[in-house]
file data.txt (compact mmCIF, C-alpha atoms and all ligand atoms)
# COMPACT_ATOMS: atom_id res chain seq x y z
CA MET A 1 72.60 61.00 9.33
CA ALA A 2 72.92 63.96 6.94
CA PRO A 3 76.36 65.58 6.99
CA LEU A 4 76.60 69.04 8.56
CA THR A 5 78.51 72.03 7.32
CA PHE A 6 81.39 73.29 9.43
CA GLU A 7 79.28 76.14 10.84
CA GLU A 8 76.32 73.86 11.60
CA ALA A 9 78.50 71.31 13.35
CA ARG A 10 80.21 73.93 15.47
CA GLU A 11 76.91 75.49 16.43
CA ARG A 12 75.60 72.03 17.33
CA VAL A 13 78.54 71.36 19.64
CA VAL A 14 78.34 74.74 21.35
CA SER A 15 74.57 74.75 21.85
CA THR A 16 74.38 71.10 22.94
CA VAL A 17 77.16 71.33 25.51
CA ARG A 18 75.99 74.71 26.76
CA ALA A 19 72.44 73.42 27.25
CA SER A 20 73.31 70.38 29.30
CA ARG A 21 76.60 70.81 31.10
CA ALA A 22 76.65 69.90 34.76
CA ALA A 23 77.75 72.37 37.43
CA CYS A 24 81.53 72.29 37.78
CA ALA A 25 83.29 71.63 41.07
CA VAL A 26 85.20 74.57 42.52
CA GLU A 27 88.67 74.81 44.05
CA GLU A 28 90.79 77.62 45.44
CA VAL A 29 94.18 78.23 43.84
CA PRO A 30 96.99 80.64 44.71
CA LEU A 31 97.43 83.66 42.45
CA GLU A 32 100.66 82.18 41.04
CA SER A 33 98.81 79.25 39.47
CA ALA A 34 95.62 81.06 38.46
CA ALA A 35 96.57 81.94 34.86
CA GLY A 36 94.67 79.79 32.37
CA ARG A 37 92.04 78.80 34.93
CA VAL A 38 88.33 79.66 34.71
CA LEU A 39 86.94 81.93 37.42
CA ALA A 40 84.25 80.46 39.65
CA GLU A 41 83.52 83.80 41.35
CA ASN A 42 83.08 87.41 40.35
CA VAL A 43 86.10 89.53 41.23
CA ALA A 44 85.55 93.14 42.27
CA ALA A 45 87.93 96.04 42.79
CA ASP A 46 88.68 96.36 46.53
CA ARG A 47 89.03 100.17 46.29
CA ASP A 48 88.65 102.91 43.72
CA VAL A 49 91.18 102.41 40.94
CA PRO A 50 93.09 104.64 40.91
CA ALA A 51 92.55 105.46 44.57
CA LEU A 52 93.43 109.12 43.94
CA PRO A 53 93.44 111.32 40.83
CA ARG A 54 96.78 110.60 39.16
CA SER A 55 98.94 112.28 36.57
CA VAL A 56 99.58 110.30 33.41
CA ARG A 57 102.46 112.55 32.29
CA ASP A 58 105.64 114.09 33.57
CA GLY A 59 105.08 117.85 33.74
CA TYR A 60 103.38 120.49 35.87
CA ALA A 61 100.17 120.37 37.84
CA VAL A 62 98.40 123.66 37.18
CA ARG A 63 95.09 125.54 37.31
CA ALA A 64 93.90 125.30 33.70
CA ALA A 65 92.15 128.69 33.74
CA GLU A 66 95.46 130.48 34.35
CA LEU A 67 97.07 129.36 31.09
CA PRO A 68 98.83 130.53 29.05
CA GLY A 69 101.06 132.23 31.60
CA GLU A 70 104.07 132.15 33.88
CA LEU A 71 103.71 130.32 37.19
CA ARG A 72 105.72 130.00 40.38
CA VAL A 73 106.88 126.41 41.03
CA THR A 74 106.22 125.65 44.69
CA GLY A 75 107.36 122.03 44.86
CA GLU A 76 107.50 118.59 43.36
CA VAL A 77 105.44 115.39 43.69
CA ARG A 78 106.57 111.93 42.62
CA ALA A 79 104.80 108.58 42.33
CA GLY A 80 104.56 107.09 45.79
CA GLU A 81 104.21 110.47 47.54
CA ARG A 82 101.43 112.87 48.34
CA PHE A 83 101.91 116.67 47.99
CA ALA A 84 101.30 118.25 51.35
CA GLY A 85 100.27 121.72 50.19
CA GLU A 86 97.92 123.13 47.62
CA VAL A 87 98.41 124.70 44.19
CA GLY A 88 97.29 128.27 44.75
CA PRO A 89 96.67 131.11 42.25
CA GLY A 90 99.73 131.71 40.05
CA GLU A 91 101.37 128.47 41.19
CA ALA A 92 102.39 125.13 39.70
CA VAL A 93 103.83 121.92 41.14
CA GLU A 94 106.24 119.75 39.22
CA ILE A 95 104.66 116.31 38.87
CA MET A 96 105.81 112.87 37.69
CA THR A 97 103.82 110.18 35.90
CA GLY A 98 101.76 108.17 38.38
CA ALA A 99 101.95 110.80 41.13
CA PRO A 100 98.72 111.91 42.86
CA MET A 101 97.38 115.31 41.83
CA PRO A 102 98.02 118.06 44.39
CA ALA A 103 94.95 119.82 45.75
CA GLY A 104 94.02 122.97 43.85
CA ALA A 105 95.37 121.82 40.45
CA ASP A 106 92.98 120.60 37.76
CA ALA A 107 95.27 119.84 34.79
CA VAL A 108 98.73 118.59 33.90
CA VAL A 109 100.90 120.23 31.25
CA MET A 110 103.53 117.99 29.67
CA VAL A 111 107.08 118.96 30.52
CA GLU A 112 107.81 119.19 26.75
CA HIS A 113 105.42 122.16 26.53
CA THR A 114 107.02 124.18 29.29
CA LEU A 115 110.05 126.43 29.77
CA ARG A 116 111.59 126.36 33.22
CA ALA A 117 113.71 129.21 34.53
CA GLY A 118 114.74 128.94 38.16
CA GLY A 119 111.67 128.94 40.37
CA ARG A 120 109.28 129.81 37.52
CA VAL A 121 107.78 127.95 34.58
CA ARG A 122 106.48 129.50 31.33
CA ILE A 123 103.63 127.74 29.58
CA GLY A 124 102.73 129.14 26.17
CA ARG A 125 99.53 127.21 25.50
CA THR A 126 96.10 126.74 27.02
CA ALA A 127 95.07 123.63 28.97
CA GLU A 128 91.76 121.77 29.25
CA PRO A 129 90.60 121.08 32.81
CA GLY A 130 91.24 117.39 33.54
CA GLN A 131 93.90 116.94 30.89
CA PHE A 132 96.45 114.18 31.54
CA ILE A 133 94.70 113.24 34.78
CA ASN A 134 93.18 109.86 35.53
CA ARG A 135 90.41 110.77 37.92
CA ARG A 136 89.81 108.70 41.03
CA GLY A 137 87.95 105.47 40.22
CA CYS A 138 88.08 105.98 36.45
CA GLU A 139 89.34 102.42 35.87
CA ALA A 140 87.01 100.80 38.39
CA ALA A 141 85.01 101.96 41.39
CA ALA A 142 85.37 100.19 44.74
CA GLY A 143 83.13 97.10 44.66
CA GLU A 144 82.75 97.13 40.88
CA VAL A 145 82.94 93.66 39.32
CA VAL A 146 85.85 93.63 36.90
CA LEU A 147 86.16 89.88 36.18
CA ARG A 148 83.13 87.62 35.97
CA ALA A 149 82.71 83.95 36.85
CA GLY A 150 83.17 81.95 33.66
CA ALA A 151 86.03 84.07 32.34
CA ARG A 152 89.31 82.35 31.65
CA LEU A 153 92.10 84.18 33.43
CA ASP A 154 94.81 85.42 31.12
CA TYR A 155 97.83 87.48 32.11
CA SER A 156 95.77 90.65 32.42
CA GLY A 157 93.32 88.74 34.64
CA VAL A 158 96.01 87.72 37.10
CA ALA A 159 97.30 91.30 37.03
CA ALA A 160 93.83 92.48 38.06
CA LEU A 161 93.69 89.91 40.87
CA ALA A 162 97.06 91.12 42.15
CA ALA A 163 96.02 94.77 41.82
CA PHE A 164 92.92 94.05 43.94
CA GLY A 165 94.98 92.32 46.62
CA ARG A 166 93.83 88.77 45.91
CA GLU A 167 96.35 86.11 46.93
CA SER A 168 94.08 83.24 45.94
CA VAL A 169 90.98 82.82 43.86
CA ARG A 170 88.15 80.32 43.35
CA VAL A 171 88.27 78.56 39.98
CA PHE A 172 86.50 75.60 38.39
CA ARG A 173 88.18 72.24 38.62
CA LYS A 174 89.80 71.30 35.31
CA PRO A 175 87.56 69.01 33.28
CA VAL A 176 89.14 65.61 32.71
CA ALA A 177 89.47 64.68 29.04
CA ALA A 178 89.93 60.94 28.58
CA ILE A 179 91.93 60.16 25.46
CA VAL A 180 91.60 56.84 23.66
CA ALA A 181 93.48 56.04 20.46
CA THR A 182 92.08 53.13 18.49
CA GLY A 183 93.57 50.86 15.84
CA ASP A 184 95.24 47.48 15.44
CA GLU A 185 98.17 49.15 13.64
CA ILE A 186 98.96 51.51 16.53
CA VAL A 187 101.83 50.79 18.91
CA GLU A 188 102.91 52.78 21.94
CA ALA A 189 105.39 55.57 21.19
CA GLY A 190 108.18 53.88 23.17
CA ARG A 191 108.11 50.71 21.06
CA THR A 192 109.83 49.87 17.79
CA PRO A 193 107.06 49.38 15.26
CA GLU A 194 107.04 46.84 12.47
CA GLU A 195 106.97 48.49 9.07
CA PHE A 196 103.22 48.01 8.87
CA GLN A 197 102.66 49.56 12.27
CA ILE A 198 102.43 53.19 13.36
CA ARG A 199 103.43 54.79 16.63
CA ASN A 200 100.66 56.38 18.63
CA SER A 201 101.08 60.12 18.19
CA ASN A 202 97.45 61.17 18.50
CA SER A 203 97.26 60.53 22.23
CA TYR A 204 100.13 62.97 22.69
CA SER A 205 98.83 65.71 20.40
CA LEU A 206 95.37 65.41 21.98
CA ALA A 207 96.80 65.53 25.51
CA ALA A 208 98.71 68.70 24.61
CA GLN A 209 95.66 70.28 23.00
CA ALA A 210 93.36 69.30 25.87
CA ALA A 211 95.77 70.80 28.39
CA ARG A 212 95.99 74.00 26.37
CA ALA A 213 92.19 74.19 26.36
CA GLY A 214 92.19 74.12 30.16
CA GLY A 215 91.50 70.40 30.56
CA ALA A 216 93.27 67.67 32.50
CA PRO A 217 94.21 64.96 29.98
CA LEU A 218 93.86 61.32 30.99
CA VAL A 219 95.49 59.08 28.40
CA LEU A 220 94.01 55.58 28.37
CA PRO A 221 95.51 52.53 26.64
CA VAL A 222 95.10 52.11 22.88
CA ALA A 223 91.87 50.27 22.05
CA ARG A 224 92.14 47.48 19.51
CA ASP A 225 89.72 47.23 16.61
CA ASN A 226 87.62 44.55 18.24
CA GLY A 227 84.43 45.11 20.13
CA GLU A 228 85.37 43.79 23.56
CA ASP A 229 88.60 45.74 24.01
CA ALA A 230 87.09 48.95 22.74
CA ARG A 231 84.01 48.64 24.92
CA ARG A 232 86.06 48.16 28.06
CA ILE A 233 88.29 51.19 27.42
CA VAL A 234 85.45 53.40 26.18
CA GLU A 235 83.49 52.64 29.35
CA ARG A 236 86.50 53.79 31.38
CA GLY A 237 86.70 56.91 29.25
CA LEU A 238 83.07 57.75 29.95
CA SER A 239 83.87 58.26 33.62
CA ALA A 240 85.82 61.40 32.61
CA ASP A 241 84.13 64.73 31.79
CA LEU A 242 84.77 64.37 28.06
CA LEU A 243 85.86 61.39 25.99
CA LEU A 244 88.11 61.92 22.97
CA LEU A 245 88.61 58.96 20.67
CA SER A 246 90.87 58.97 17.65
CA GLY A 247 90.49 56.64 14.68
CA GLY A 248 87.87 54.08 13.81
CA VAL A 249 85.13 56.48 12.73
CA SER A 250 85.05 55.80 8.97
CA ALA A 251 82.58 53.36 7.44
CA GLY A 252 85.11 50.51 7.29
CA LYS A 253 84.49 46.99 8.58
CA TYR A 254 86.87 47.56 11.53
CA ASP A 255 85.76 51.09 12.37
CA ILE A 256 84.31 50.27 15.73
CA VAL A 257 83.83 53.58 17.47
CA GLU A 258 80.23 54.25 16.50
CA ARG A 259 79.20 50.64 17.01
CA THR A 260 80.84 50.52 20.43
CA LEU A 261 79.18 53.72 21.55
CA ALA A 262 75.81 52.74 20.09
CA GLY A 263 76.12 49.53 22.14
CA LEU A 264 76.51 51.72 25.23
CA GLY A 265 73.26 53.53 24.43
CA ALA A 266 74.85 56.65 22.93
CA GLU A 267 72.91 59.49 21.40
CA PHE A 268 74.60 60.85 18.25
CA TYR A 269 74.38 64.51 17.24
CA PHE A 270 76.36 64.15 14.01
CA ASP A 271 78.72 61.69 12.36
CA ARG A 272 79.89 63.55 9.28
CA VAL A 273 80.96 67.15 8.71
CA LEU A 274 81.76 68.74 5.35
CA ILE A 275 85.35 69.60 6.20
CA GLN A 276 88.76 68.37 5.21
CA PRO A 277 90.67 66.99 6.90
CA GLY A 278 88.13 65.26 9.04
CA GLN A 279 84.93 64.35 7.19
CA PRO A 280 83.92 61.39 9.36
CA LEU A 281 83.59 63.02 12.76
CA VAL A 282 81.34 61.80 15.51
CA PHE A 283 79.87 63.87 18.32
CA GLY A 284 77.49 62.37 20.83
CA ARG A 285 76.66 61.61 24.41
CA ALA A 286 76.65 58.37 26.38
CA ARG A 287 76.05 57.75 30.08
CA GLY A 288 75.65 61.48 30.52
CA LYS A 289 79.07 62.30 29.04
CA PHE A 290 79.92 63.95 25.73
CA PHE A 291 82.32 62.22 23.39
CA PHE A 292 84.03 62.92 20.10
CA GLY A 293 85.11 60.26 17.65
CA LEU A 294 87.85 62.12 15.81
CA PRO A 295 89.27 60.71 12.57
CA GLY A 296 92.63 58.98 13.09
CA ASN A 297 94.87 60.70 10.61
CA PRO A 298 97.06 62.98 12.73
CA ALA A 299 96.16 66.24 10.98
CA SER A 300 92.48 65.31 11.08
CA THR A 301 92.69 64.58 14.79
CA MET A 302 94.48 67.86 15.50
CA VAL A 303 92.24 70.06 13.34
CA THR A 304 88.94 68.54 14.46
CA PHE A 305 89.99 68.93 18.09
CA GLU A 306 90.65 72.64 17.54
CA LEU A 307 87.44 73.20 15.58
CA PHE A 308 85.01 71.27 17.79
CA ALA A 309 86.35 69.43 20.83
CA ARG A 310 88.14 72.47 22.16
CA ALA A 311 84.87 74.36 22.41
CA ALA A 312 83.24 71.47 24.28
CA LEU A 313 86.12 71.19 26.73
CA GLU A 314 86.18 74.94 27.38
CA LEU A 315 82.44 75.00 28.08
CA LEU A 316 82.67 71.90 30.29
CA GLY A 317 85.42 73.70 32.20
CA GLY A 318 82.95 76.42 33.14
CA GLN A 319 83.93 78.95 30.50
CA GLU A 320 81.03 81.23 29.62
CA GLU A 321 82.17 81.80 26.06
CA THR A 322 84.17 79.87 23.55
CA VAL A 323 85.69 81.74 20.65
CA LEU A 324 87.37 80.31 17.59
CA HIS A 325 89.97 82.86 16.56
CA MET A 326 90.02 82.95 12.78
CA PRO A 327 91.47 86.27 11.63
CA TYR A 328 91.95 87.23 8.00
CA ALA A 329 95.31 87.25 6.23
CA ARG A 330 96.32 87.99 2.65
CA LEU A 331 97.28 85.10 0.42
CA THR A 332 100.80 85.42 -0.97
CA GLY A 333 99.72 83.60 -4.16
CA ALA A 334 96.66 82.23 -5.95
CA PHE A 335 94.89 79.36 -4.24
CA ARG A 336 92.13 77.05 -5.41
CA HIS A 337 90.34 74.06 -4.00
CA ARG A 338 87.30 71.97 -4.84
CA ALA A 339 84.28 73.79 -3.43
CA GLY A 340 81.64 72.04 -1.33
CA ILE A 341 83.90 71.32 1.62
CA ALA A 342 85.63 73.70 4.03
CA ARG A 343 89.35 72.99 4.13
CA PHE A 344 91.87 73.60 6.88
CA LEU A 345 95.33 73.27 5.40
CA PRO A 346 98.75 73.72 7.00
CA ALA A 347 100.10 77.19 6.30
CA ARG A 348 102.60 79.75 7.46
CA LEU A 349 101.75 83.24 8.51
CA GLY A 350 104.55 85.68 7.70
CA ALA A 351 106.39 87.47 10.48
CA GLY A 352 103.95 90.38 10.37
CA GLY A 353 100.99 88.00 10.65
CA ALA A 354 99.20 89.64 7.73
CA GLU A 355 100.27 87.30 4.92
CA VAL A 356 99.69 83.59 4.63
CA THR A 357 101.21 80.90 2.42
CA PRO A 358 99.85 77.34 2.19
CA LEU A 359 102.51 74.66 2.76
CA THR A 360 102.98 71.65 0.54
CA TRP A 361 102.15 68.43 2.31
CA SER A 362 101.34 64.88 1.45
CA GLY A 363 97.96 64.73 3.14
CA SER A 364 96.49 64.46 6.59
CA GLY A 365 99.05 61.93 7.80
CA ASP A 366 101.94 64.34 7.28
CA ILE A 367 103.08 65.27 10.79
CA PRO A 368 106.40 66.81 9.65
CA ALA A 369 104.48 69.28 7.45
CA LEU A 370 102.29 70.18 10.43
CA THR A 371 105.35 70.95 12.52
CA ARG A 372 106.34 73.55 9.88
CA ALA A 373 102.92 75.20 10.02
CA ASN A 374 101.99 77.99 12.40
CA ALA A 375 98.40 78.25 11.16
CA TYR A 376 95.78 76.56 9.03
CA LEU A 377 94.45 78.21 5.93
CA ALA A 378 90.65 78.06 6.13
CA ALA A 379 89.25 77.77 2.61
CA GLU A 380 85.50 78.34 2.53
CA ALA A 381 83.21 75.58 1.29
CA GLY A 382 81.39 78.04 -0.97
CA ARG A 383 84.43 79.49 -2.74
CA ALA A 384 86.81 77.63 -5.04
CA GLU A 385 89.16 80.35 -6.29
CA TYR A 386 91.30 82.86 -4.44
CA ALA A 387 93.72 85.24 -6.14
CA GLY A 388 97.07 86.30 -4.72
CA GLY A 389 96.42 89.22 -2.35
CA ASP A 390 92.89 88.05 -1.50
CA LEU A 391 91.87 87.89 2.14
CA ILE A 392 91.32 84.42 3.54
CA ARG A 393 90.64 83.27 7.07
CA VAL A 394 93.28 81.43 9.05
CA LEU A 395 93.00 79.30 12.16
CA LEU A 396 95.94 80.01 14.44
CA LYS A 397 97.77 76.85 15.41
P1 LIG B 1 91.37 55.59 11.04
O1 LIG B 1 90.67 56.90 11.25
O2 LIG B 1 91.23 54.64 12.16
O3 LIG B 1 90.96 54.98 9.73
O4 LIG B 1 92.90 55.93 10.94
C1 LIG B 1 93.41 56.55 9.81
C2 LIG B 1 94.91 56.55 9.85
O5 LIG B 1 95.34 57.41 10.85
C3 LIG B 1 95.56 55.22 10.22
O6 LIG B 1 95.79 54.42 9.12
C4 LIG B 1 96.85 55.67 10.82
O7 LIG B 1 97.77 55.86 9.77
C5 LIG B 1 96.53 56.96 11.43
N1 LIG B 1 96.33 56.85 12.87
C6 LIG B 1 95.24 56.34 13.50
N2 LIG B 1 95.39 56.43 14.84
C7 LIG B 1 96.59 57.00 15.06
C8 LIG B 1 97.32 57.35 16.23
N3 LIG B 1 96.82 57.14 17.44
N4 LIG B 1 98.52 57.92 16.08
C9 LIG B 1 99.02 58.16 14.85
N5 LIG B 1 98.39 57.85 13.72
C10 LIG B 1 97.18 57.27 13.81
MG MG B 2 91.61 52.68 12.52

call {"tool": "encode", "arguments": {"input": "data.txt", "output": "structure tokens", "more": "lines below"}}
Ligand code: AMP
Ligand code: MG
result
Amino acid sequence: MAPLTFEEARERVVSTVRASRAACAVEEVPLESAAGRVLAENVAADRDVPALPRSVRDGYAVRAAELPGELRVTGEVRAGERFAGEVGPGEAVEIMTGAPMPAGADAVVMVEHTLRAGGRVRIGRTAEPGQFINRRGCEAAAGEVVLRAGARLDYSGVAALAAFGRESVRVFRKPVAAIVATGDEIVEAGRTPEEFQIRNSNSYSLAAQAARAGGAPLVLPVARDNGEDARRIVERGLSADLLLLSGGVSAGKYDIVERTLAGLGAEFYFDRVLIQPGQPLVFGRARGKFFFGLPGNPASTMVTFELFARAALELLGGQEETVLHMPYARLTGAFRHRAGIARFLPARLGAGGAEVTPLTWSGSGDIPALTRANAYLAAEAGRAEYAGGDLIRVLLK
């Protein structure tokens, strides 16, 4: 199979999963556990928001046409109250932020622009009708859909649910991501490895990443680099919604992932992407389920999950959209790489988030270097040289 560029591979994942995902099961969750979940229903405002015209400043409710001028203050209205009377000609009512507008007034003048003397207030400037007033329903009209099915609820989403009086909400069931590490050299994290062995860290990073992407991780035992063992565990993994394998995808004699999946009748969409870390990278479908064969080096596993598998998991979880956030930052120094391959290298964004510095590391096995990173520098395949101060994209970690 011809290798794909980063952009082609990502597009392939998104379009393939979007085209053939099954309908997700739905469950009802209480508001308190709704954040991070994907809405399975449209959510509408239950009344006009705001329900009355409201002041957005502390000041005086006035009739705009009467300004500038001196007005008689006939009362006060605070948030949580309603002013019983009306603002008549030559009158003003003292008003607090969030309080409903009294009848008769059509503008609010900020307290800073007024001079109060006893029962009267002097206002030296003109006012526009409607100024500093949120009119009734300006945020949403009663019945207006504010959140759509397929949106992932963030903290503003749960705020909207609460504001509309929702104590529970229908969301899609979390997609199960089966996680299978492969390799004869891999031992479980709780064991003491021989010097030639390596503890399984990929199952843990993948479980954390899958959970963050809205999935329910299901960590299966490590598959050994022999056909029988791998086949048995991979078959178990294909009962989940998505199968994530790590290791065993290079062209080596013991790289069994592709062979095992081919033996299960898999269809392959790509098996190499022009990125580093992570060149050998398999995406396909078997027994109706999508799978990724991610390269085994820890950084490769982590980066390829973020770039590709995350999108698949989000879409399988019912999300309408999947976005890879890759903002620009300024390089603190010159940077060069060999063009032809897109690189995602551990980096640190400065406190302001506008400047980025690549970190030194000893390659894609270097977990300690990754723990020091808060982002990946994304060097474009088509550009070899960057000067200090140049803009470069970063993938937030
Ligand atoms: P592979 O992609 O199978 O050739 O694996 C490449 C390298 O990644 C191995 O030599 C290990 O050093 C490392 N590796 C593979 N699987 C894991 C794992 N589950 N946890 C930590 N490191 C791994
Ligand atoms: Mg291996």

call {"tool": "closest_residue", "arguments": {"input": "data.txt", "among": "A:Glu86, A:Glu267, A:Asp154, A:Glu91", "to": "Leu71 in chain A", "atoms": "all atoms listed in the file"}}
result
A:Glu91

call {"tool": "closest_atom_pairs", "arguments": {"input": "data.txt", "of": "chain A", "to": "ligand MG 2 (chain B)", "cutoff": "12 Å", "atoms": "only C-alpha atoms and all ligand atoms", "output": "tab-separated table"}}
result
residue	atom	partner	partner_atom	distance
A:Val180	CA	B:MG2	MG	11.9
A:Ala181	CA	B:MG2	MG	8.8
A:Thr182	CA	B:MG2	MG	6.0
A:Gly183	CA	B:MG2	MG	4.3
A:Asp184	CA	B:MG2	MG	7.0
A:Glu185	CA	B:MG2	MG	7.5
A:Ile186	CA	B:MG2	MG	8.5
A:Gln197	CA	B:MG2	MG	11.5
A:Ile198	CA	B:MG2	MG	10.9
A:Asn200	CA	B:MG2	MG	11.5
A:Asn202	CA	B:MG2	MG	11.9
A:Val222	CA	B:MG2	MG	10.9
A:Ala223	CA	B:MG2	MG	9.8
A:Arg224	CA	B:MG2	MG	8.7
A:Asp225	CA	B:MG2	MG	7.1
A:Asn226	CA	B:MG2	MG	10.7
A:Ala230	CA	B:MG2	MG	11.8
A:Leu245	CA	B:MG2	MG	10.7
A:Ser246	CA	B:MG2	MG	8.2
A:Gly247	CA	B:MG2	MG	4.6
A:Gly248	CA	B:MG2	MG	4.2
A:Val249	CA	B:MG2	MG	7.5
A:Ser250	CA	B:MG2	MG	8.1
A:Ala251	CA	B:MG2	MG	10.4
A:Gly252	CA	B:MG2	MG	8.6
A:Lys253	CA	B:MG2	MG	9.9
A:Tyr254	CA	B:MG2	MG	7.0
A:Asp255	CA	B:MG2	MG	6.1
A:Ile256	CA	B:MG2	MG	8.3
A:Val257	CA	B:MG2	MG	9.3
A:Gly293	CA	B:MG2	MG	11.2
A:Leu294	CA	B:MG2	MG	10.7
A:Pro295	CA	B:MG2	MG	8.4
A:Gly296	CA	B:MG2	MG	6.4
A:Asn297	CA	B:MG2	MG	8.9
A:Pro298	CA	B:MG2	MG	11.7

call {"tool": "residues_around", "arguments": {"input": "data.txt", "residues": "Ala149 in chain A", "least_positions_apart": "3", "cutoff": "7 Å", "atoms": "all atoms listed in the file", "output": "NGL selection string"}}
result
:A and (39-42)

call {"tool": "residues_around", "arguments": {"input": "data.txt", "residues": "Thr126 in chain A", "least_positions_apart": "2", "cutoff": "10 Å", "atoms": "all atoms listed in the file", "output": "NGL selection string"}}
result
:A and (64-69 or 109 or 123-124 or 128-129)

call {"tool": "atom_distance", "arguments": {"input": "data.txt", "atom1": "CA of Glu28 in chain A", "atom2": "CA of Val169 in chain A"}}
result
5.4 Å

call {"tool": "residues_around", "arguments": {"input": "data.txt", "residues": "Ala107 in chain A", "least_positions_apart": "3", "cutoff": "12 Å", "atoms": "all atoms listed in the file", "output": "PDB file with C-alpha atoms, in the frame of the given file"}}
result
ATOM      1  CA  PRO A  53      93.440 111.320  40.830  1.00  0.00           C
ATOM      2  CA  ARG A  54      96.780 110.600  39.160  1.00  0.00           C
ATOM      3  CA  SER A  55      98.940 112.280  36.570  1.00  0.00           C
ATOM      4  CA  VAL A  56      99.580 110.300  33.410  1.00  0.00           C
ATOM      5  CA  ARG A  57     102.460 112.550  32.290  1.00  0.00           C
ATOM      6  CA  ASP A  58     105.640 114.090  33.570  1.00  0.00           C
ATOM      7  CA  GLY A  59     105.080 117.850  33.740  1.00  0.00           C
ATOM      8  CA  TYR A  60     103.380 120.490  35.870  1.00  0.00           C
ATOM      9  CA  ALA A  61     100.170 120.370  37.840  1.00  0.00           C
ATOM     10  CA  VAL A  62      98.400 123.660  37.180  1.00  0.00           C
ATOM     11  CA  ARG A  63      95.090 125.540  37.310  1.00  0.00           C
ATOM     12  CA  ALA A  64      93.900 125.300  33.700  1.00  0.00           C
ATOM     13  CA  ALA A  65      92.150 128.690  33.740  1.00  0.00           C
ATOM     14  CA  GLU A  66      95.460 130.480  34.350  1.00  0.00           C
ATOM     15  CA  LEU A  67      97.070 129.360  31.090  1.00  0.00           C
ATOM     16  CA  VAL A  87      98.410 124.700  44.190  1.00  0.00           C
ATOM     17  CA  ALA A  92     102.390 125.130  39.700  1.00  0.00           C
ATOM     18  CA  VAL A  93     103.830 121.920  41.140  1.00  0.00           C
ATOM     19  CA  GLU A  94     106.240 119.750  39.220  1.00  0.00           C
ATOM     20  CA  ILE A  95     104.660 116.310  38.870  1.00  0.00           C
ATOM     21  CA  PRO A 100      98.720 111.910  42.860  1.00  0.00           C
ATOM     22  CA  MET A 101      97.380 115.310  41.830  1.00  0.00           C
ATOM     23  CA  PRO A 102      98.020 118.060  44.390  1.00  0.00           C
ATOM     24  CA  ALA A 103      94.950 119.820  45.750  1.00  0.00           C
ATOM     25  CA  GLY A 104      94.020 122.970  43.850  1.00  0.00           C
ATOM     26  CA  MET A 110     103.530 117.990  29.670  1.00  0.00           C
ATOM     27  CA  THR A 126      96.100 126.740  27.020  1.00  0.00           C
ATOM     28  CA  ALA A 127      95.070 123.630  28.970  1.00  0.00           C
ATOM     29  CA  GLU A 128      91.760 121.770  29.250  1.00  0.00           C
ATOM     30  CA  PRO A 129      90.600 121.080  32.810  1.00  0.00           C
ATOM     31  CA  GLY A 130      91.240 117.390  33.540  1.00  0.00           C
ATOM     32  CA  GLN A 131      93.900 116.940  30.890  1.00  0.00           C
ATOM     33  CA  PHE A 132      96.450 114.180  31.540  1.00  0.00           C
ATOM     34  CA  ILE A 133      94.700 113.240  34.780  1.00  0.00           C
ATOM     35  CA  ASN A 134      93.180 109.860  35.530  1.00  0.00           C
ATOM     36  CA  ARG A 135      90.410 110.770  37.920  1.00  0.00           C
TER      37      ARG A 135
END
